[in-house]
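**Q** File data_35.txt follows (compact mmCIF, C-alpha atoms):
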```
# COMPACT_ATOMS: atom_id res chain seq x y z
CA MET A 1 67.65 102.45 115.34
CA THR A 2 70.09 105.31 114.93
CA THR A 3 73.11 105.64 112.69
CA PRO A 4 76.48 107.18 113.62
CA PHE A 5 76.35 109.12 110.35
CA ARG A 6 73.20 111.07 111.27
CA ASN A 7 73.64 114.79 110.48
CA SER A 8 77.29 114.24 109.53
CA ASP A 9 79.17 117.19 108.06
CA ILE A 10 80.49 115.82 104.79
CA SER A 11 82.82 118.82 104.40
CA VAL A 12 85.10 117.35 107.07
CA LEU A 13 85.18 113.82 105.68
CA PRO A 14 88.67 112.52 104.82
CA VAL A 15 89.42 112.58 101.11
CA MET A 16 88.58 109.27 99.45
CA LYS A 17 90.25 107.79 96.38
CA ILE A 18 88.37 106.37 93.43
CA TYR A 19 90.12 104.29 90.79
CA ASP A 20 88.24 104.73 87.53
CA TRP A 21 88.36 105.86 83.91
CA PHE A 22 86.86 109.25 83.11
CA ASP A 23 84.24 108.19 80.55
CA GLY A 24 83.62 104.56 81.48
CA PRO A 25 79.92 103.61 81.79
CA TYR A 26 80.40 101.89 85.14
CA PRO A 27 82.53 104.69 86.61
CA ALA A 28 79.81 107.07 85.41
CA ARG A 29 77.41 105.50 87.90
CA VAL A 30 79.62 106.38 90.86
CA ARG A 31 80.51 109.83 89.54
CA ILE A 32 76.81 110.67 89.14
CA ALA A 33 76.15 109.38 92.66
CA LEU A 34 78.98 111.53 94.00
CA ALA A 35 77.51 114.56 92.27
CA GLU A 36 74.06 113.79 93.65
CA LYS A 37 75.48 113.63 97.17
CA GLY A 38 77.70 116.70 96.83
CA LEU A 39 80.83 114.64 97.44
CA LEU A 40 82.96 115.34 94.38
CA ASP A 41 85.18 117.66 96.40
CA ARG A 42 85.95 114.81 98.82
CA VAL A 43 87.37 112.50 96.15
CA GLU A 44 90.73 112.08 94.44
CA PHE A 45 90.27 110.28 91.12
CA ILE A 46 93.03 107.91 90.04
CA SER A 47 92.93 107.03 86.35
CA VAL A 48 93.18 103.38 85.32
CA ASN A 49 93.35 103.24 81.53
CA LEU A 50 90.81 100.76 80.20
CA TRP A 51 92.05 101.01 76.63
CA THR A 52 95.55 99.82 77.50
CA GLY A 53 94.27 97.06 79.78
CA GLU A 54 95.69 98.67 82.90
CA HIS A 55 92.75 97.27 84.88
CA LYS A 56 93.91 93.73 84.06
CA LYS A 57 97.54 94.23 85.13
CA PRO A 58 98.86 92.61 88.32
CA GLU A 59 99.26 96.01 89.98
CA PHE A 60 95.55 96.76 89.72
CA LEU A 61 94.43 93.18 90.34
CA ALA A 62 96.07 93.55 93.74
CA ILE A 63 93.57 96.36 94.37
CA ASN A 64 90.54 94.62 92.85
CA TYR A 65 90.65 90.90 92.18
CA SER A 66 87.85 91.24 89.60
CA GLY A 67 89.88 93.65 87.46
CA THR A 68 86.92 96.00 87.11
CA LEU A 69 86.31 99.70 87.70
CA PRO A 70 85.49 101.67 89.76
CA VAL A 71 87.03 100.99 93.18
CA LEU A 72 86.67 103.21 96.24
CA GLU A 73 89.58 103.44 98.68
CA LEU A 74 88.95 104.91 102.12
CA ASP A 75 91.52 106.78 104.18
CA ASP A 76 92.12 103.67 106.34
CA GLY A 77 92.97 101.62 103.24
CA THR A 78 89.62 99.82 102.97
CA LEU A 79 88.78 98.98 99.36
CA ILE A 80 85.16 98.80 98.14
CA ALA A 81 84.44 97.59 94.60
CA GLU A 82 81.13 97.24 92.70
CA CYS A 83 79.01 100.28 91.86
CA THR A 84 76.06 99.27 94.04
CA ALA A 85 78.25 98.75 97.10
CA ILE A 86 80.10 102.03 96.56
CA THR A 87 76.85 103.94 96.08
CA GLN A 88 75.39 102.37 99.22
CA TYR A 89 78.43 103.53 101.21
CA LEU A 90 78.34 107.05 99.81
CA ASP A 91 74.62 107.41 100.30
CA VAL A 92 74.70 107.04 104.09
CA LEU A 93 77.66 109.32 104.79
CA ASP A 94 75.44 112.31 105.54
CA GLY A 95 72.84 110.30 107.43
CA SER A 96 70.19 111.07 104.82
CA PRO A 97 70.12 108.40 102.11
CA THR A 98 68.56 109.70 98.92
CA LEU A 99 69.70 107.10 96.39
CA THR A 100 69.23 103.75 98.11
CA GLY A 101 65.97 104.22 100.02
CA GLN A 102 64.97 104.99 103.59
CA THR A 103 62.17 102.53 104.30
CA ALA A 104 62.44 98.78 103.99
CA LYS A 105 60.08 98.85 101.00
CA GLU A 106 62.07 101.57 99.22
CA LYS A 107 65.35 99.75 99.80
CA GLY A 108 63.93 96.50 98.49
CA LEU A 109 62.48 98.02 95.34
CA ILE A 110 65.57 100.10 94.58
CA HIS A 111 67.94 97.18 94.97
CA MET A 112 65.67 94.92 92.90
CA MET A 113 65.44 97.42 90.05
CA THR A 114 69.16 98.18 90.20
CA LYS A 115 69.93 94.49 89.83
CA ARG A 116 67.50 94.22 86.93
CA ALA A 117 69.11 97.24 85.27
CA GLU A 118 72.46 95.49 85.50
CA ILE A 119 71.39 92.02 84.38
CA GLU A 120 68.84 92.94 81.73
CA PHE A 121 70.52 96.00 80.23
CA LEU A 122 73.89 97.38 81.33
CA ASP A 123 75.80 94.11 81.70
CA ALA A 124 74.24 92.80 78.48
CA VAL A 125 75.56 95.82 76.58
CA SER A 126 78.96 95.23 78.18
CA VAL A 127 79.06 91.61 76.95
CA TYR A 128 78.03 92.76 73.48
CA PHE A 129 80.85 95.33 73.50
CA HIS A 130 83.51 92.88 74.66
CA HIS A 131 82.47 89.95 72.44
CA ALA A 132 80.79 91.24 69.27
CA THR A 133 82.71 94.47 68.63
CA PRO A 134 86.45 95.22 68.68
CA GLY A 135 85.94 96.11 72.35
CA LEU A 136 89.07 97.36 74.05
CA GLY A 137 91.31 95.99 71.30
CA ALA A 138 93.19 92.80 70.63
CA ASP A 139 95.70 93.34 73.43
CA VAL A 140 92.89 93.39 76.01
CA GLU A 141 90.16 91.22 74.46
CA LEU A 142 92.02 87.91 74.61
CA TYR A 143 88.87 85.85 74.02
CA GLN A 144 85.73 86.79 72.13
CA ASN A 145 82.54 84.89 71.31
CA PRO A 146 80.63 86.98 68.75
CA GLU A 147 77.55 84.74 68.84
CA TRP A 148 77.25 85.21 72.60
CA GLY A 149 77.89 88.92 72.21
CA ASN A 150 75.07 89.30 69.71
CA ARG A 151 72.72 87.33 71.94
CA MET A 152 73.48 89.82 74.70
CA ARG A 153 72.85 92.70 72.29
CA ASP A 154 69.37 91.30 71.73
CA LYS A 155 68.92 90.88 75.48
CA ALA A 156 69.88 94.53 76.01
CA ILE A 157 67.22 95.62 73.51
CA ARG A 158 64.66 93.50 75.35
CA GLY A 159 65.82 95.23 78.50
CA MET A 160 65.14 98.60 76.92
CA HIS A 161 61.60 97.46 76.20
CA TYR A 162 61.20 96.27 79.79
CA PHE A 163 62.29 99.58 81.28
CA ASN A 164 60.15 101.43 78.78
CA GLY A 165 57.17 99.56 80.18
CA VAL A 166 58.22 100.40 83.73
CA LEU A 167 58.57 104.08 82.87
CA GLU A 168 55.18 104.16 81.22
CA GLN A 169 53.74 103.49 84.69
CA GLN A 170 55.93 105.64 86.96
CA PRO A 171 58.31 108.62 86.69
CA PHE A 172 61.46 106.85 87.87
CA VAL A 173 62.87 103.36 87.57
CA ALA A 174 62.06 102.29 91.15
CA GLY A 175 59.02 104.46 91.78
CA ASP A 176 58.33 108.11 92.47
CA ALA A 177 61.88 109.32 93.21
CA PHE A 178 65.29 109.32 91.52
CA SER A 179 67.48 106.54 92.90
CA MET A 180 70.45 104.27 92.38
CA ALA A 181 68.25 102.28 89.98
CA ASP A 182 67.93 105.27 87.66
CA ILE A 183 71.71 105.68 87.74
CA ALA A 184 72.15 102.04 86.72
CA VAL A 185 69.84 102.48 83.73
CA LEU A 186 71.71 105.67 82.86
CA GLY A 187 74.87 103.56 82.83
CA GLY A 188 73.19 101.26 80.34
CA MET A 189 72.18 104.19 78.16
CA ILE A 190 75.71 105.59 78.27
CA PHE A 191 77.18 102.24 77.23
CA ALA A 192 74.55 101.76 74.53
CA SER A 193 75.45 105.16 73.09
CA LEU A 194 79.15 104.27 73.07
CA VAL A 195 78.49 101.09 71.07
CA LYS A 196 75.86 102.81 68.89
CA LEU A 197 73.06 100.54 70.11
CA ALA A 198 70.00 102.67 69.47
CA VAL A 199 66.94 102.75 71.69
CA PRO A 200 63.99 101.44 69.61
CA ASP A 201 61.64 104.15 68.37
CA GLU A 202 58.71 102.52 70.14
CA CYS A 203 60.40 102.97 73.54
CA ALA A 204 59.04 106.50 73.88
CA ALA A 205 58.79 106.45 77.68
CA LEU A 206 62.42 105.38 78.04
CA GLN A 207 63.52 108.07 75.61
CA ALA A 208 61.49 110.74 77.46
CA TRP A 209 62.92 109.63 80.82
CA HIS A 210 66.44 109.77 79.38
CA ALA A 211 65.85 113.30 78.09
CA ARG A 212 64.69 114.36 81.55
CA MET A 213 67.74 112.77 83.16
CA GLN A 214 70.03 114.86 80.96
CA GLU A 215 68.73 117.94 82.78
CA ARG A 216 69.67 116.73 86.26
CA PRO A 217 72.62 118.73 87.66
CA SER A 218 74.51 115.52 88.51
CA VAL A 219 74.26 114.22 84.94
CA ARG A 220 75.24 117.60 83.51
CA GLU A 221 78.27 117.63 85.80
CA TRP A 222 79.23 114.12 84.67
CA ARG A 223 79.02 115.23 81.03
CA THR A 224 81.25 118.20 81.80
CA MET A 225 83.83 115.95 83.45
CA VAL A 226 83.86 113.70 80.41
CA ALA A 227 84.12 116.64 78.01
CA ASN A 228 87.08 118.01 79.94
CA ASN A 229 88.74 114.61 80.36
CA THR A 230 89.29 115.56 83.97
CA PRO A 231 87.80 114.57 87.35
CA ARG A 232 86.23 117.98 87.97
CA ALA A 233 84.68 120.61 85.71
```
Could you spell out this file's structure in structure tokens?
**A**
Amino acid sequence: MTTPFRNSDISVLPVMKIYDWFDGPYPARVRIALAEKGLLDRVEFISVNLWTGEHKKPEFLAINYSGTLPVLELDDGTLIAECTAITQYLDVLDGSPTLTGQTAKEKGLIHMMTKRAEIEFLDAVSVYFHHATPGLGADVELYQNPEWGNRMRDKAIRGMHYFNGVLEQQPFVAGDAFSMADIAVLGGMIFASLVKLAVPDECAALQAWHARMQERPSVREWRTMVANNTPRA
């Protein structure tokens, strides 16, 4: 089965729009994917201020019913939300998917581990942030359940232990190659750092993996974007 994107020249792709916030953990996943695919030059970033609750205003809810970031807008007006869906779209644009797998087995493992990274780690940190810390502030956090937030903090720590065990057995989250699953765990690590949720000392494999990830050009470029508070370095 062939794909119409095979051997596509990404330099002639229409410019896409991405609604995000420059240092958000979830937007980081898509920005790192863009850097991995060499697509940052084909994107216009549109800032949606998380700290003022702009993502929960009617104007943005008309773009994304869920009120979450990021959102990809194509030149024909198509809107794609959710990091996994956006990454899947971006990964096939050049006809050579590197983040979401090429074989059926690779695709299955990568999607499984990405989902686990979200449920067991990244999303758990998010719930902890929104419910057991000041979060985005009283004007945005209209309801909080600290007990639930702290339960999710504990779940996130268990998730760190789980991924530590995975990384004791293989170099990357879904196997032998960097993938969308690694980016999802990186999102969890970014969020954990923001809320000062430390990786347990005994999770040496996770810590070593994270140190290696900091040397990837895509992650370095993301850090530069954050440091400059701007879409490009």
**Q** Nearest to Glu106 in chain A among A:Ala177, A:Leu34, A:Val195, A:Met189, with distances taken over only C-alpha atoms: which residue is it?
**A**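 Comparing A:Ala177, A:Leu34, A:Val195, A:Met189 against Glu106 in chain A, the winner is A:Ala177.
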**Q** Ranking A:Glu120, A:Glu202, A:Glu54, A:Asp76 by minimum distance to Glu168 in chain A and counting all atoms listed in the file, which one comes first?
**A**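 For Glu168 in chain A, the nearest of the candidates is A:Glu202.
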**Q** Could you tell me how far CA of Ala124 in chain A lies from CA of Glu147 in chain A, in Å and to one decimal?
**A**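 CA of Glu147 in chain A lies at a distance of 13.0 Å from CA of Ala124 in chain A.
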**Q** What is the CA of Asp176 in chain A to CA of Thr224 in chain A distance in Å?
**A** 27.2 Å
**Q** Just the residues within 9 Å of Ala198 in chain A, please, counting all atoms listed in the file, with nothing from its chain fewer than 5 positions along; format it as a count of residues only.
**A** 3
**Q** Would you please work out which residue, of A:Lys56, A:Lys115, A:Lys155, A:Lys105, is nearest to Glu141 in chain A when using all atoms listed in the file?
**A**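 Residue with the minimum atom-to-atom distance to Glu141 in chain A: A:Lys56.
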**Q** Given the point (79.6, 105.7, 88.7) in the file's coordinates, find the residues that have an atom at most 12 Å from it, counting all atoms listed in the file, and give them as a count of residues only.
**A** 47
**Q** Please rebuild range 52-63 of chain A with all heavy atoms and give the result as a PDB file, keeping the file's coordinate frame.
**A**
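So result.pdb came out as:
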```
ATOM      1  N   THR A  52      94.255 100.503  77.508  1.00  0.00           N
ATOM      2  CA  THR A  52      95.550  99.820  77.500  1.00  0.00           C
ATOM      3  C   THR A  52      95.539  98.577  78.385  1.00  0.00           C
ATOM      4  O   THR A  52      96.571  97.934  78.558  1.00  0.00           O
ATOM      5  CB  THR A  52      96.665 100.772  77.969  1.00  0.00           C
ATOM      6  OG1 THR A  52      96.413 101.191  79.321  1.00  0.00           O
ATOM      7  CG2 THR A  52      96.749 102.002  77.072  1.00  0.00           C
ATOM      8  N   GLY A  53      94.375  98.251  78.941  1.00  0.00           N
ATOM      9  CA  GLY A  53      94.270  97.060  79.780  1.00  0.00           C
ATOM     10  C   GLY A  53      94.893  97.207  81.144  1.00  0.00           C
ATOM     11  O   GLY A  53      95.199  96.209  81.798  1.00  0.00           O
ATOM     12  N   GLU A  54      95.048  98.452  81.606  1.00  0.00           N
ATOM     13  CA  GLU A  54      95.690  98.670  82.900  1.00  0.00           C
ATOM     14  C   GLU A  54      94.909  98.005  84.031  1.00  0.00           C
ATOM     15  O   GLU A  54      95.484  97.607  85.046  1.00  0.00           O
ATOM     16  CB  GLU A  54      95.830 100.171  83.149  1.00  0.00           C
ATOM     17  CG  GLU A  54      96.742 100.543  84.304  1.00  0.00           C
ATOM     18  CD  GLU A  54      96.951 102.033  84.426  1.00  0.00           C
ATOM     19  OE1 GLU A  54      96.517 102.777  83.523  1.00  0.00           O
ATOM     20  OE2 GLU A  54      97.544 102.454  85.439  1.00  0.00           O
ATOM     21  N   HIS A  55      93.584  97.872  83.840  1.00  0.00           N
ATOM     22  CA  HIS A  55      92.750  97.270  84.880  1.00  0.00           C
ATOM     23  C   HIS A  55      92.942  95.759  84.986  1.00  0.00           C
ATOM     24  O   HIS A  55      92.442  95.143  85.943  1.00  0.00           O
ATOM     25  CB  HIS A  55      91.277  97.588  84.620  1.00  0.00           C
ATOM     26  CG  HIS A  55      90.773  97.128  83.290  1.00  0.00           C
ATOM     27  ND1 HIS A  55      91.363  97.476  82.092  1.00  0.00           N
ATOM     28  CD2 HIS A  55      89.710  96.321  82.960  1.00  0.00           C
ATOM     29  CE1 HIS A  55      90.704  96.926  81.103  1.00  0.00           C
ATOM     30  NE2 HIS A  55      89.701  96.221  81.590  1.00  0.00           N
ATOM     31  N   LYS A  56      93.657  95.161  84.033  1.00  0.00           N
ATOM     32  CA  LYS A  56      93.910  93.730  84.060  1.00  0.00           C
ATOM     33  C   LYS A  56      95.358  93.410  84.442  1.00  0.00           C
ATOM     34  O   LYS A  56      95.750  92.237  84.460  1.00  0.00           O
ATOM     35  CB  LYS A  56      93.591  93.107  82.699  1.00  0.00           C
ATOM     36  CG  LYS A  56      92.141  93.307  82.250  1.00  0.00           C
ATOM     37  CD  LYS A  56      91.144  92.664  83.190  1.00  0.00           C
ATOM     38  CE  LYS A  56      89.720  92.776  82.664  1.00  0.00           C
ATOM     39  NZ  LYS A  56      88.729  92.209  83.606  1.00  0.00           N
ATOM     40  N   LYS A  57      96.140  94.430  84.750  1.00  0.00           N
ATOM     41  CA  LYS A  57      97.540  94.230  85.130  1.00  0.00           C
ATOM     42  C   LYS A  57      97.638  93.792  86.594  1.00  0.00           C
ATOM     43  O   LYS A  57      96.781  94.105  87.417  1.00  0.00           O
ATOM     44  CB  LYS A  57      98.332  95.515  84.930  1.00  0.00           C
ATOM     45  CG  LYS A  57      98.279  96.089  83.521  1.00  0.00           C
ATOM     46  CD  LYS A  57      98.941  95.195  82.508  1.00  0.00           C
ATOM     47  CE  LYS A  57      98.971  95.875  81.121  1.00  0.00           C
ATOM     48  NZ  LYS A  57      99.513  94.974  80.080  1.00  0.00           N
ATOM     49  N   PRO A  58      98.717  93.084  86.938  1.00  0.00           N
ATOM     50  CA  PRO A  58      98.860  92.610  88.320  1.00  0.00           C
ATOM     51  C   PRO A  58      98.777  93.721  89.362  1.00  0.00           C
ATOM     52  O   PRO A  58      98.239  93.508  90.453  1.00  0.00           O
ATOM     53  CB  PRO A  58     100.256  91.950  88.317  1.00  0.00           C
ATOM     54  CG  PRO A  58     100.462  91.528  86.902  1.00  0.00           C
ATOM     55  CD  PRO A  58      99.797  92.579  86.063  1.00  0.00           C
ATOM     56  N   GLU A  59      99.270  94.916  89.012  1.00  0.00           N
ATOM     57  CA  GLU A  59      99.260  96.010  89.980  1.00  0.00           C
ATOM     58  C   GLU A  59      97.830  96.386  90.380  1.00  0.00           C
ATOM     59  O   GLU A  59      97.543  96.635  91.557  1.00  0.00           O
ATOM     60  CB  GLU A  59      99.984  97.233  89.414  1.00  0.00           C
ATOM     61  CG  GLU A  59     101.470  97.047  89.188  1.00  0.00           C
ATOM     62  CD  GLU A  59     101.791  96.285  87.895  1.00  0.00           C
ATOM     63  OE1 GLU A  59     100.853  96.038  87.096  1.00  0.00           O
ATOM     64  OE2 GLU A  59     102.975  95.935  87.701  1.00  0.00           O
ATOM     65  N   PHE A  60      96.930  96.407  89.388  1.00  0.00           N
ATOM     66  CA  PHE A  60      95.550  96.760  89.720  1.00  0.00           C
ATOM     67  C   PHE A  60      94.790  95.558  90.272  1.00  0.00           C
ATOM     68  O   PHE A  60      93.918  95.725  91.132  1.00  0.00           O
ATOM     69  CB  PHE A  60      94.807  97.326  88.510  1.00  0.00           C
ATOM     70  CG  PHE A  60      93.415  97.767  88.851  1.00  0.00           C
ATOM     71  CD1 PHE A  60      93.207  98.926  89.580  1.00  0.00           C
ATOM     72  CD2 PHE A  60      92.314  97.006  88.486  1.00  0.00           C
ATOM     73  CE1 PHE A  60      91.923  99.319  89.941  1.00  0.00           C
ATOM     74  CE2 PHE A  60      91.025  97.400  88.837  1.00  0.00           C
ATOM     75  CZ  PHE A  60      90.833  98.560  89.569  1.00  0.00           C
ATOM     76  N   LEU A  61      95.097  94.369  89.811  1.00  0.00           N
ATOM     77  CA  LEU A  61      94.430  93.180  90.340  1.00  0.00           C
ATOM     78  C   LEU A  61      94.691  93.009  91.832  1.00  0.00           C
ATOM     79  O   LEU A  61      93.885  92.404  92.547  1.00  0.00           O
ATOM     80  CB  LEU A  61      94.866  91.941  89.574  1.00  0.00           C
ATOM     81  CG  LEU A  61      94.416  91.876  88.104  1.00  0.00           C
ATOM     82  CD1 LEU A  61      95.008  90.647  87.423  1.00  0.00           C
ATOM     83  CD2 LEU A  61      92.891  91.869  87.994  1.00  0.00           C
ATOM     84  N   ALA A  62      95.806  93.567  92.304  1.00  0.00           N
ATOM     85  CA  ALA A  62      96.070  93.550  93.740  1.00  0.00           C
ATOM     86  C   ALA A  62      95.114  94.472  94.491  1.00  0.00           C
ATOM     87  O   ALA A  62      94.872  94.298  95.685  1.00  0.00           O
ATOM     88  CB  ALA A  62      97.522  93.983  93.999  1.00  0.00           C
ATOM     89  N   ILE A  63      94.555  95.441  93.786  1.00  0.00           N
ATOM     90  CA  ILE A  63      93.570  96.360  94.370  1.00  0.00           C
ATOM     91  C   ILE A  63      92.168  95.779  94.258  1.00  0.00           C
ATOM     92  O   ILE A  63      91.381  95.826  95.196  1.00  0.00           O
ATOM     93  CB  ILE A  63      93.661  97.734  93.675  1.00  0.00           C
ATOM     94  CG1 ILE A  63      95.015  98.379  93.982  1.00  0.00           C
ATOM     95  CG2 ILE A  63      92.515  98.651  94.089  1.00  0.00           C
ATOM     96  CD1 ILE A  63      95.294  99.624  93.166  1.00  0.00           C
TER      97      ILE A  63
END
```
